[in-house]
>>> print(open('target_25.pdb').read())   # PDB, C-alpha atoms
MODEL        1
ATOM      1  CA  MET A   1     -49.606  41.428  24.475  1.00  0.00           C
ATOM      2  CA  ALA A   2     -48.034  43.370  21.662  1.00  0.00           C
ATOM      3  CA  ALA A   3     -44.553  41.968  22.362  1.00  0.00           C
ATOM      4  CA  PRO A   4     -45.536  38.249  22.136  1.00  0.00           C
ATOM      5  CA  GLU A   5     -47.432  38.905  18.898  1.00  0.00           C
ATOM      6  CA  ARG A   6     -44.377  40.609  17.403  1.00  0.00           C
ATOM      7  CA  GLU A   7     -42.205  37.659  18.427  1.00  0.00           C
ATOM      8  CA  ARG A   8     -44.613  35.192  16.827  1.00  0.00           C
ATOM      9  CA  GLU A   9     -44.763  37.252  13.652  1.00  0.00           C
ATOM     10  CA  GLY A  10     -40.962  37.492  13.583  1.00  0.00           C
ATOM     11  CA  ARG A  11     -40.606  33.733  13.976  1.00  0.00           C
ATOM     12  CA  ALA A  12     -43.220  33.141  11.285  1.00  0.00           C
ATOM     13  CA  ARG A  13     -41.365  35.470   8.875  1.00  0.00           C
ATOM     14  CA  GLU A  14     -38.063  33.713   9.663  1.00  0.00           C
ATOM     15  CA  ARG A  15     -39.586  30.291   8.966  1.00  0.00           C
ATOM     16  CA  GLU A  16     -41.050  31.587   5.721  1.00  0.00           C
ATOM     17  CA  ARG A  17     -37.641  32.933   4.646  1.00  0.00           C
ATOM     18  CA  GLU A  18     -36.044  29.579   5.478  1.00  0.00           C
ATOM     19  CA  ARG A  19     -38.637  27.761   3.356  1.00  0.00           C
ATOM     20  CA  GLU A  20     -38.069  30.147   0.478  1.00  0.00           C
ATOM     21  CA  GLY A  21     -34.312  29.789   0.855  1.00  0.00           C
ATOM     22  CA  ARG A  22     -34.542  26.006   0.696  1.00  0.00           C
ATOM     23  CA  GLY A  23     -36.690  26.154  -2.415  1.00  0.00           C
ATOM     24  CA  ARG A  24     -34.080  28.205  -4.285  1.00  0.00           C
ATOM     25  CA  GLY A  25     -31.179  25.977  -3.218  1.00  0.00           C
ATOM     26  CA  ARG A  26     -29.987  28.270  -0.432  1.00  0.00           C
ATOM     27  CA  PHE A  27     -29.020  26.969   2.956  1.00  0.00           C
ATOM     28  CA  ARG A  28     -27.567  28.377   6.126  1.00  0.00           C
ATOM     29  CA  LEU A  29     -23.868  27.999   6.635  1.00  0.00           C
ATOM     30  CA  ASP A  30     -24.038  28.257  10.416  1.00  0.00           C
ATOM     31  CA  GLN A  31     -26.112  25.087  10.764  1.00  0.00           C
ATOM     32  CA  PRO A  32     -25.369  21.520   9.684  1.00  0.00           C
ATOM     33  CA  ARG A  33     -27.265  20.167   6.727  1.00  0.00           C
ATOM     34  CA  PRO A  34     -30.053  17.736   7.468  1.00  0.00           C
ATOM     35  CA  PRO A  35     -29.080  14.150   6.640  1.00  0.00           C
ATOM     36  CA  ARG A  36     -30.027  13.033   3.155  1.00  0.00           C
ATOM     37  CA  ARG A  37     -32.140  10.013   2.574  1.00  0.00           C
ATOM     38  CA  LYS A  38     -30.092   7.187   1.149  1.00  0.00           C
ATOM     39  CA  LEU A  39     -31.433   4.731  -1.384  1.00  0.00           C
ATOM     40  CA  LEU A  40     -28.792   2.089  -0.671  1.00  0.00           C
ATOM     41  CA  PRO A  41     -28.187   0.544   2.747  1.00  0.00           C
ATOM     42  CA  ASP A  42     -25.212   1.779   4.732  1.00  0.00           C
ATOM     43  CA  TYR A  43     -22.318  -0.672   5.146  1.00  0.00           C
ATOM     44  CA  ASP A  44     -18.821  -0.634   6.563  1.00  0.00           C
ATOM     45  CA  PRO A  45     -16.357  -1.007   3.662  1.00  0.00           C
ATOM     46  CA  GLU A  46     -13.630  -2.303   5.978  1.00  0.00           C
ATOM     47  CA  ALA A  47     -15.866  -5.065   7.327  1.00  0.00           C
ATOM     48  CA  PHE A  48     -16.870  -6.009   3.780  1.00  0.00           C
ATOM     49  CA  GLY A  49     -13.214  -5.978   2.736  1.00  0.00           C
ATOM     50  CA  ARG A  50     -12.207  -8.215   5.649  1.00  0.00           C
ATOM     51  CA  LEU A  51     -15.034 -10.635   4.793  1.00  0.00           C
ATOM     52  CA  SER A  52     -13.981 -10.726   1.137  1.00  0.00           C
ATOM     53  CA  GLU A  53     -10.385 -11.451   2.176  1.00  0.00           C
ATOM     54  CA  ARG A  54     -11.524 -14.322   4.379  1.00  0.00           C
ATOM     55  CA  ILE A  55     -13.621 -15.767   1.539  1.00  0.00           C
ATOM     56  CA  ALA A  56     -10.801 -15.326  -0.983  1.00  0.00           C
ATOM     57  CA  ARG A  57      -8.364 -16.930   1.453  1.00  0.00           C
ATOM     58  CA  PHE A  58     -10.738 -19.919   1.818  1.00  0.00           C
ATOM     59  CA  LEU A  59     -11.277 -20.174  -1.955  1.00  0.00           C
ATOM     60  CA  GLY A  60      -7.522 -20.534  -2.408  1.00  0.00           C
ATOM     61  CA  THR A  61      -7.151 -23.546  -0.119  1.00  0.00           C
ATOM     62  CA  GLY A  62      -7.150 -27.262  -0.781  1.00  0.00           C
ATOM     63  CA  ARG A  63     -10.015 -27.633   1.690  1.00  0.00           C
ATOM     64  CA  PHE A  64     -12.282 -25.627  -0.634  1.00  0.00           C
ATOM     65  CA  ILE A  65     -11.324 -27.766  -3.628  1.00  0.00           C
ATOM     66  CA  VAL A  66     -11.991 -30.960  -1.661  1.00  0.00           C
ATOM     67  CA  TRP A  67     -15.385 -29.718  -0.418  1.00  0.00           C
ATOM     68  CA  MET A  68     -16.354 -28.467  -3.876  1.00  0.00           C
ATOM     69  CA  THR A  69     -15.390 -31.835  -5.403  1.00  0.00           C
ATOM     70  CA  VAL A  70     -17.383 -33.724  -2.750  1.00  0.00           C
ATOM     71  CA  VAL A  71     -20.473 -31.541  -3.325  1.00  0.00           C
ATOM     72  CA  ILE A  72     -20.290 -31.958  -7.114  1.00  0.00           C
ATOM     73  CA  ILE A  73     -19.834 -35.745  -6.846  1.00  0.00           C
ATOM     74  CA  MET A  74     -22.765 -36.023  -4.417  1.00  0.00           C
ATOM     75  CA  TRP A  75     -24.875 -33.806  -6.717  1.00  0.00           C
ATOM     76  CA  VAL A  76     -24.139 -35.939  -9.777  1.00  0.00           C
ATOM     77  CA  VAL A  77     -24.552 -39.260  -7.940  1.00  0.00           C
ATOM     78  CA  TRP A  78     -27.851 -38.147  -6.392  1.00  0.00           C
ATOM     79  CA  ASN A  79     -29.291 -36.885  -9.657  1.00  0.00           C
ATOM     80  CA  VAL A  80     -28.236 -40.013 -11.562  1.00  0.00           C
ATOM     81  CA  SER A  81     -29.099 -42.763  -9.076  1.00  0.00           C
ATOM     82  CA  ALA A  82     -32.012 -41.328  -7.062  1.00  0.00           C
ATOM     83  CA  PRO A  83     -35.631 -42.149  -7.995  1.00  0.00           C
ATOM     84  CA  ASP A  84     -37.132 -39.825 -10.615  1.00  0.00           C
ATOM     85  CA  HIS A  85     -39.431 -37.968  -8.227  1.00  0.00           C
ATOM     86  CA  LEU A  86     -36.458 -37.118  -5.893  1.00  0.00           C
ATOM     87  CA  ARG A  87     -34.119 -35.827  -8.605  1.00  0.00           C
ATOM     88  CA  PHE A  88     -33.903 -32.053  -8.798  1.00  0.00           C
ATOM     89  CA  ASP A  89     -31.412 -31.708 -11.698  1.00  0.00           C
ATOM     90  CA  SER A  90     -31.552 -34.258 -14.530  1.00  0.00           C
ATOM     91  CA  TYR A  91     -28.673 -35.384 -16.764  1.00  0.00           C
ATOM     92  CA  PRO A  92     -27.376 -32.249 -18.493  1.00  0.00           C
ATOM     93  CA  PHE A  93     -27.092 -30.849 -14.928  1.00  0.00           C
ATOM     94  CA  ILE A  94     -28.120 -27.346 -15.950  1.00  0.00           C
ATOM     95  CA  PHE A  95     -28.828 -26.312 -12.366  1.00  0.00           C
ATOM     96  CA  LEU A  96     -25.348 -27.493 -11.318  1.00  0.00           C
ATOM     97  CA  THR A  97     -23.837 -25.445 -14.145  1.00  0.00           C
ATOM     98  CA  LEU A  98     -25.853 -22.435 -13.008  1.00  0.00           C
ATOM     99  CA  MET A  99     -24.701 -22.861  -9.396  1.00  0.00           C
ATOM    100  CA  LEU A 100     -21.047 -23.182 -10.436  1.00  0.00           C
ATOM    101  CA  SER A 101     -21.356 -20.111 -12.661  1.00  0.00           C
ATOM    102  CA  LEU A 102     -22.964 -18.175  -9.817  1.00  0.00           C
ATOM    103  CA  GLN A 103     -20.201 -19.237  -7.433  1.00  0.00           C
ATOM    104  CA  ALA A 104     -17.546 -18.196  -9.960  1.00  0.00           C
ATOM    105  CA  SER A 105     -19.246 -14.869 -10.660  1.00  0.00           C
ATOM    106  CA  TYR A 106     -19.124 -14.007  -6.947  1.00  0.00           C
ATOM    107  CA  ALA A 107     -15.694 -15.490  -6.316  1.00  0.00           C
ATOM    108  CA  ALA A 108     -13.886 -13.470  -8.986  1.00  0.00           C
ATOM    109  CA  PRO A 109     -14.832  -9.995  -7.682  1.00  0.00           C
ATOM    110  CA  LEU A 110     -14.203 -11.056  -4.087  1.00  0.00           C
ATOM    111  CA  ILE A 111     -10.748 -12.307  -5.028  1.00  0.00           C
ATOM    112  CA  LEU A 112     -10.046  -9.074  -6.928  1.00  0.00           C
ATOM    113  CA  LEU A 113     -11.187  -7.003  -3.956  1.00  0.00           C
ATOM    114  CA  ALA A 114      -8.941  -8.990  -1.646  1.00  0.00           C
ATOM    115  CA  GLN A 115      -6.018  -8.552  -4.060  1.00  0.00           C
ATOM    116  CA  ASN A 116      -6.636  -4.797  -4.258  1.00  0.00           C
ATOM    117  CA  ARG A 117      -6.636  -4.538  -0.482  1.00  0.00           C
ATOM    118  CA  GLN A 118      -3.414  -6.571  -0.335  1.00  0.00           C
ATOM    119  CA  ASP A 119      -1.871  -4.318  -3.005  1.00  0.00           C
ATOM    120  CA  ASP A 120      -2.796  -1.257  -0.931  1.00  0.00           C
ATOM    121  CA  ARG A 121      -1.184  -2.795   2.156  1.00  0.00           C
ATOM    122  CA  ASP A 122       1.900  -3.760   0.144  1.00  0.00           C
ATOM    123  CA  ARG A 123       2.144  -0.237  -1.257  1.00  0.00           C
ATOM    124  CA  VAL A 124       2.053   1.249   2.233  1.00  0.00           C
ATOM    125  CA  THR A 125       4.608  -1.297   3.462  1.00  0.00           C
ATOM    126  CA  HIS A 126       6.926  -0.595   0.519  1.00  0.00           C
ATOM    127  CA  GLU A 127       6.628   3.149   1.104  1.00  0.00           C
ATOM    128  CA  GLN A 128       7.511   2.692   4.774  1.00  0.00           C
ATOM    129  CA  ASP A 129      10.428   0.409   3.840  1.00  0.00           C
ATOM    130  CA  ARG A 130      11.668   2.963   1.296  1.00  0.00           C
ATOM    131  CA  LYS A 131      11.545   5.758   3.891  1.00  0.00           C
ATOM    132  CA  ARG A 132      13.293   3.545   6.454  1.00  0.00           C
ATOM    133  CA  ASN A 133      15.993   2.678   3.902  1.00  0.00           C
ATOM    134  CA  GLU A 134      16.474   6.360   3.057  1.00  0.00           C
ATOM    135  CA  ARG A 135      16.884   7.157   6.761  1.00  0.00           C
ATOM    136  CA  SER A 136      19.360   4.319   7.271  1.00  0.00           C
ATOM    137  CA  ILE A 137      21.360   5.405   4.209  1.00  0.00           C
ATOM    138  CA  ALA A 138      21.429   8.985   5.507  1.00  0.00           C
ATOM    139  CA  ASP A 139      22.496   7.740   8.953  1.00  0.00           C
ATOM    140  CA  THR A 140      25.200   5.551   7.416  1.00  0.00           C
ATOM    141  CA  GLU A 141      26.536   8.429   5.321  1.00  0.00           C
ATOM    142  CA  TYR A 142      26.559  10.672   8.404  1.00  0.00           C
ATOM    143  CA  LEU A 143      28.436   8.068  10.445  1.00  0.00           C
ATOM    144  CA  THR A 144      30.894   7.538   7.581  1.00  0.00           C
ATOM    145  CA  ARG A 145      31.627  11.275   7.480  1.00  0.00           C
ATOM    146  CA  GLU A 146      32.043  11.324  11.268  1.00  0.00           C
ATOM    147  CA  ILE A 147      34.474   8.376  11.185  1.00  0.00           C
ATOM    148  CA  ALA A 148      36.478  10.050   8.410  1.00  0.00           C
ATOM    149  CA  ALA A 149      36.626  13.261  10.462  1.00  0.00           C
ATOM    150  CA  LEU A 150      37.792  11.297  13.505  1.00  0.00           C
ATOM    151  CA  ARG A 151      40.496   9.574  11.470  1.00  0.00           C
ATOM    152  CA  LEU A 152      41.709  12.916  10.174  1.00  0.00           C
ATOM    153  CA  GLY A 153      41.647  14.289  13.704  1.00  0.00           C
ATOM    154  CA  LEU A 154      43.519  11.281  15.069  1.00  0.00           C
ATOM    155  CA  GLY A 155      46.238  11.796  12.514  1.00  0.00           C
ATOM    156  CA  GLU A 156      47.074  15.065  14.296  1.00  0.00           C
ATOM    157  CA  VAL A 157      46.723  13.744  17.843  1.00  0.00           C
ATOM    158  CA  ALA A 158      49.652  12.208  19.680  1.00  0.00           C
ATOM    159  CA  THR A 159      49.071   8.544  20.268  1.00  0.00           C
ATOM    160  CA  ARG A 160      50.167   6.559  23.286  1.00  0.00           C
ATOM    161  CA  ASP A 161      52.875   4.713  21.340  1.00  0.00           C
ATOM    162  CA  TRP A 162      54.274   7.945  19.940  1.00  0.00           C
ATOM    163  CA  ILE A 163      54.396   9.568  23.409  1.00  0.00           C
ATOM    164  CA  ARG A 164      56.014   6.417  24.855  1.00  0.00           C
ATOM    165  CA  SER A 165      58.683   6.422  22.174  1.00  0.00           C
ATOM    166  CA  GLU A 166      59.372  10.152  22.713  1.00  0.00           C
ATOM    167  CA  LEU A 167      59.671   9.636  26.465  1.00  0.00           C
ATOM    168  CA  GLN A 168      62.027   6.688  25.944  1.00  0.00           C
ATOM    169  CA  ASP A 169      64.172   8.854  23.664  1.00  0.00           C
ATOM    170  CA  LEU A 170      64.280  11.573  26.330  1.00  0.00           C
ATOM    171  CA  VAL A 171      65.221   9.042  29.022  1.00  0.00           C
ATOM    172  CA  LYS A 172      68.052   7.749  26.817  1.00  0.00           C
ATOM    173  CA  GLU A 173      69.275  11.297  26.238  1.00  0.00           C
ATOM    174  CA  LEU A 174      69.236  11.977  29.982  1.00  0.00           C
ATOM    175  CA  GLU A 175      71.055   8.748  30.734  1.00  0.00           C
ATOM    176  CA  GLU A 176      73.677   9.568  28.145  1.00  0.00           C
ATOM    177  CA  GLN A 177      74.358  12.936  29.690  1.00  0.00           C
ATOM    178  CA  GLN A 178      76.561  12.826  32.734  1.00  0.00           C
ATOM    179  CA  PRO A 179      75.529  14.927  35.634  1.00  0.00           C
ATOM    180  CA  VAL A 180      77.637  18.053  35.869  1.00  0.00           C
ATOM    181  CA  PHE A 181      77.763  17.980  39.661  1.00  0.00           C
ATOM    182  CA  PRO A 182      78.037  14.489  41.068  1.00  0.00           C
ATOM    183  CA  ALA A 183      75.949  13.905  44.134  1.00  0.00           C
ATOM    184  CA  GLU A 184      77.832  14.022  47.445  1.00  0.00           C
ATOM    185  CA  SER A 185      78.055  10.698  49.013  1.00  0.00           C
ATOM    186  CA  GLY A 186      77.143  10.112  52.591  1.00  0.00           C
ATOM    187  CA  ARG A 187      74.803  12.898  53.374  1.00  0.00           C
ATOM    188  CA  PRO A 188      71.326  13.542  52.061  1.00  0.00           C
ATOM    189  CA  ARG A 189      71.063  16.186  49.473  1.00  0.00           C
ATOM    190  CA  ASP A 190      68.616  18.515  51.198  1.00  0.00           C
ATOM    191  CA  VAL A 191      70.050  18.352  54.638  1.00  0.00           C
ATOM    192  CA  GLY A 192      71.982  21.500  55.588  1.00  0.00           C
ATOM    193  CA  ASP A 193      71.053  23.356  52.412  1.00  0.00           C
ATOM    194  CA  ARG A 194      68.740  25.545  54.340  1.00  0.00           C
TER     195      ARG A 194
ENDMDL
END
>>> encode(input="target_25.pdb", output="structure tokens")
Amino acid sequence: MAAPEREREGRAREREREREGRGRGRFRLDQPRPPRRKLLPDYDPEAFGRLSERIARFLGTGRFIVWMTVVIIMWVVWNVSAPDHLRFDSYPFIFLTLMLSLQASYAAPLILLAQNRQDDRDRVTHEQDRKRNERSIADTEYLTREIAALRLGLGEVATRDWIRSELQDLVKELEEQQPVFPAESGRPRDVGDR
């Protein structure tokens, strides 16, 4: 019974030390920190960025302008020609102005976010293009040096035309020289020489 009591006391002391350590801002390095409570909801910035790009892409189309024009015309026509009890925004159209301002206040940051994402993609693309161009320039310079070395090397190598002309000169020299011992006529040259 003494051993279990000692274990319980040891665990209790360890828990007390942990509580004290947390109170003074100490934490254990061999264990992960407990997750913090977040005040704001968690969201995926990439998903939000893709959504903002889709909205910005739609805001920049003729379809959006046509739909916006149709909605504004219907709004004005309804609030001018409908009976008084069905109108929801009378002549100065303050609610329409508020809705357009609200749409513009959301559209501008979404467009800026989409442009920033496009700038980031362009920057990465330009960096990759620059590296690719540097590699191709280095490869071109290397191949240029290799071709120059081959040309220098070929200047020292006998070409086919040069060898042909040398052989033709040698054949002419041999033809010009008369044989010292004319060949015997009638019998083959090797017969009886043995």
>>> atom_distance(input="target_25.pdb", atom1="atom CA of A:Glu53", atom2="atom CA of A:Leu110")
7.3 Å
>>> resolve_selection(input="target_25.pdb", expression="the PyMOL selection byres ((chain A and resi 55) around 12)", output="PyMOL selection string")
chain A and resi 48-54+56-61+64+103+106-115
>>> write_last_selection(input="target_25.pdb", atoms="C-alpha atoms", output="short mmCIF file (atom, residue, chain, number, x, y, z; two decimals), in the coordinates of the input")
data_model
loop_
_atom_site.label_atom_id
_atom_site.label_comp_id
_atom_site.auth_asym_id
_atom_site.auth_seq_id
_atom_site.Cartn_x
_atom_site.Cartn_y
_atom_site.Cartn_z
CA PHE A 48 -16.87 -6.01 3.78
CA GLY A 49 -13.21 -5.98 2.74
CA ARG A 50 -12.21 -8.22 5.65
CA LEU A 51 -15.03 -10.64 4.79
CA SER A 52 -13.98 -10.73 1.14
CA GLU A 53 -10.38 -11.45 2.18
CA ARG A 54 -11.52 -14.32 4.38
CA ALA A 56 -10.80 -15.33 -0.98
CA ARG A 57 -8.36 -16.93 1.45
CA PHE A 58 -10.74 -19.92 1.82
CA LEU A 59 -11.28 -20.17 -1.96
CA GLY A 60 -7.52 -20.53 -2.41
CA THR A 61 -7.15 -23.55 -0.12
CA PHE A 64 -12.28 -25.63 -0.63
CA GLN A 103 -20.20 -19.24 -7.43
CA TYR A 106 -19.12 -14.01 -6.95
CA ALA A 107 -15.69 -15.49 -6.32
CA ALA A 108 -13.89 -13.47 -8.99
CA PRO A 109 -14.83 -9.99 -7.68
CA LEU A 110 -14.20 -11.06 -4.09
CA ILE A 111 -10.75 -12.31 -5.03
CA LEU A 112 -10.05 -9.07 -6.93
CA LEU A 113 -11.19 -7.00 -3.96
CA ALA A 114 -8.94 -8.99 -1.65
CA GLN A 115 -6.02 -8.55 -4.06
#
>>> axis_aligned_box(input="target_25.pdb", around="stretch 142-157 of chain A", padding_each_side="6 Å", output="AutoDock Vina command-line options")
--center_x 36.8 --center_y 11.3 --center_z 12.7 --size_x 32.5 --size_y 19.5 --size_z 22.4
>>> atom_distance(input="target_25.pdb", atom1="atom CA of A:Tyr91", atom2="atom CA of A:Val71")
16.2 Å
>>> atom_distance(input="target_25.pdb", atom1="atom CA of A:Gln118", atom2="atom CA of A:Lys131")
19.8 Å
